[in-house]
Amino acid sequence: MKTTVATMDFGTSKIVALIAETSGQQRCDIIGAGTVPYDGYMERRWNAPDLLNAAIEDAVRAAEEQAHSRIKEIFVGVPGEFSQVRTVEVKVELQGADPRVTEKSLSDLFDKAAEQLGEIRGSIIHRSPAWFIVDDGKKTLEPMGVRGYELRAMISFVIADQFFLEDVQERFRALDITVAGCLSTPIGEAMLFVPEEERDRAAVLVDIGYLNTEVMVVQGDAITSLTNIPIGGGHIAADLAYGLEVSLPVAEQIKRSYVYGLSAGQASFEATDAAGNQKTFPREDVERVLEPRAEEICEAIRDAIADSGVKMGQWSPVYLTGGGLAINRGGREFLAAKLERTVRELPRKAVKLASPAYSSALGLLDLLIDTTASARATSGIGGFFRSLFGG
């Protein structure tokens with residue numbers, strides 16, 4: 001039996017509405033997509049709130065037209081800009097004549113973690129473990145049934161800004177669409193694209209958007225550090241517009257075609273203005289304006305990783321996505337040189353919307369599908385864990 005679901009991802013420069021069908025035979029088939037540019041957000045506020053409803057409606061209608069289906073309810077992704085991550089280390093004693101980890105001891109652990117978290121500003125939309133340890137054993141994500149006397153864990157909570165939650169509900173209500181739930185976009189992106197074996201140690205996912213950059217440290221099934229840096233690809237374009245004395249659309253053409261690296265072989269760049277006139281710009285002029293801002297973004301990413309409080313191993317990988325550097329040839333290598341560690345591209349997870357600019361939308365959809373499937377699970381440790389992780 002097929003189930004139809006709809007999601008909306010709010011990026012810093014575009015809104016993406018997706019309609020997908022899921023079934024037991026086919027995990028996910030995107031049948032409708034609507035992408036609409038808009039003014040985004042900064043400092044946890046919309047940049048153009050009066051224009052937002054029209055952008056949401058345009059994205060919804062475009063997806064509906066493709067899918068030949070009307071959206072009556074939707075799941076909304078909460079961006080990193082409107083989120084905070086807090087972690088708690090907690091422990092419980094294992095009880096009984098033959099003490100071992102049970103569903104009750106896990107439930108008690110999560111309850112104790114929530115109590116220890118204390119007062120929060122916003123709403124918890126996701127909670128998940130970075131690791132469990134029984135007595136002095138090794139870190140694991142599968143402690144069920146393990147014998148011991150003490151169960152310890154690091155639990156991560158994603159807390160959504162209350163303004164965002166209430167505001168989007170009001171905006172969708174005006175379209176006669178029910179917000180069925182709000183999910184963490186960074187969690188969806190991290191769980192979909194960072195391989196499980198990499199998360200067992202620690203990994204970093206960097207999403208360079210148009211107006212901001214999100215740096216996520218991922219451990220186990222959790223994000224243990226989330227840093228929002230208020231600069232992104234749009235700032236590179238703005239610098240080019242100012243430095244080369246061109247319009248922002250022309251600057252964006254140059255930014256997207258730029259190849260990082262001394263051996264790029266680009267002597268010049270050509271771009272077409274709104275009047276259809278073609279202009280040529282020497283590489284040295286473009287490089288002089290563009291690379292200082294790109295270096296600033298890389299340095300801020302390096303500082304965010306260092307300040308995360310998570311000890312990164314020598315082989316802990318960094319994954320790069322978003323439209324800021326990932327879409328440019330040599331961009332990944334440019335970041336790797338600044339971080340002095342390996343930077344990998346994301347594994348390909350979809351045929352449609354495969355560009356790094358859509359990774360957050362795909363991650364959100366995948367998280368929804370996992371959550372929906374988990375809600376149907378009635379037994380087993382996997383189902384139990386996932387029922388705890390949801391907000």
# chains A, B, ... in the order shown; residues from 1 in each chain; ligands from 1
>>> select_by_dssp(residues="range 41-288 of chain A", states="strand (DSSP E)", output="count of residues only")
82
>>> residues_around(residues="Ile124 in chain A", least_positions_apart="2", cutoff="9 Å", atoms="only C-alpha atoms", output="ChimeraX atom specification")
/A:120,122,126-127,157-160,391
>>> write_last_selection(atoms="all heavy atoms", output="compact mmCIF listing (two decimals), in the first residue's frame")
# COMPACT_ATOMS: atom_id res chain seq x y z
N ILE A 120 14.42 24.77 29.10
CA ILE A 120 14.83 25.07 27.73
C ILE A 120 13.98 26.20 27.17
O ILE A 120 12.87 26.46 27.64
CB ILE A 120 14.72 23.84 26.81
CG1 ILE A 120 13.26 23.36 26.74
CG2 ILE A 120 15.64 22.73 27.26
CD1 ILE A 120 13.02 22.30 25.70
N GLY A 122 12.23 26.90 23.85
CA GLY A 122 11.82 26.27 22.61
C GLY A 122 11.19 24.92 22.88
O GLY A 122 10.78 24.63 24.01
N HIS A 126 13.74 16.47 18.67
CA HIS A 126 14.49 15.25 18.38
C HIS A 126 15.40 14.95 19.56
O HIS A 126 15.97 15.86 20.15
CB HIS A 126 15.34 15.42 17.11
CG HIS A 126 15.89 14.14 16.58
ND1 HIS A 126 15.21 13.34 15.70
CD2 HIS A 126 17.06 13.51 16.81
CE1 HIS A 126 15.94 12.28 15.41
NE2 HIS A 126 17.07 12.36 16.08
N ARG A 127 15.52 13.66 19.90
CA ARG A 127 16.47 13.22 20.92
C ARG A 127 17.04 11.88 20.49
O ARG A 127 16.32 11.03 19.98
CB ARG A 127 15.82 13.11 22.30
CG ARG A 127 14.57 12.25 22.34
CD ARG A 127 13.98 12.22 23.74
NE ARG A 127 12.81 11.35 23.77
CZ ARG A 127 12.28 10.88 24.90
NH1 ARG A 127 12.83 11.17 26.06
NH2 ARG A 127 11.21 10.11 24.85
N PHE A 157 19.84 16.44 22.34
CA PHE A 157 18.51 17.01 22.15
C PHE A 157 18.59 18.14 21.12
O PHE A 157 19.46 19.01 21.23
CB PHE A 157 17.97 17.58 23.46
CG PHE A 157 17.70 16.56 24.53
CD1 PHE A 157 18.73 16.14 25.37
CD2 PHE A 157 16.45 16.00 24.70
CE1 PHE A 157 18.50 15.19 26.36
CE2 PHE A 157 16.21 15.05 25.69
CZ PHE A 157 17.24 14.65 26.52
N VAL A 158 17.69 18.10 20.14
CA VAL A 158 17.57 19.21 19.20
C VAL A 158 16.36 20.04 19.62
O VAL A 158 15.24 19.51 19.72
CB VAL A 158 17.40 18.73 17.75
CG1 VAL A 158 17.29 19.92 16.80
CG2 VAL A 158 18.56 17.84 17.34
N ILE A 159 16.59 21.32 19.88
CA ILE A 159 15.55 22.21 20.39
C ILE A 159 15.23 23.24 19.32
O ILE A 159 16.12 23.96 18.85
CB ILE A 159 16.01 22.89 21.68
CG1 ILE A 159 16.38 21.83 22.73
CG2 ILE A 159 14.94 23.83 22.22
CD1 ILE A 159 17.20 22.36 23.88
N ALA A 160 13.96 23.30 18.94
CA ALA A 160 13.53 24.23 17.89
C ALA A 160 13.05 25.54 18.49
O ALA A 160 12.42 25.57 19.55
CB ALA A 160 12.40 23.60 17.07
N GLY A 391 10.63 13.65 18.00
CA GLY A 391 10.25 14.74 18.88
C GLY A 391 8.84 14.57 19.36
O GLY A 391 8.06 13.82 18.84
>>> closest_atom_pairs(of="range 193-277 of chain A", to="range 78-84 of chain A", cutoff="7 Å", atoms="only C-alpha atoms", output="tab-separated table")
residue	atom	partner	partner_atom	distance
A:Glu214	CA	A:Gly80	CA	6.8
A:Leu226	CA	A:Gln84	CA	6.8
A:Asn228	CA	A:Glu81	CA	6.3
>>> residues_around(residues="Leu205 in chain A", least_positions_apart="6", cutoff="6 Å", atoms="only C-alpha atoms", output="PyMOL selection string")
chain A and resi 216+318-319
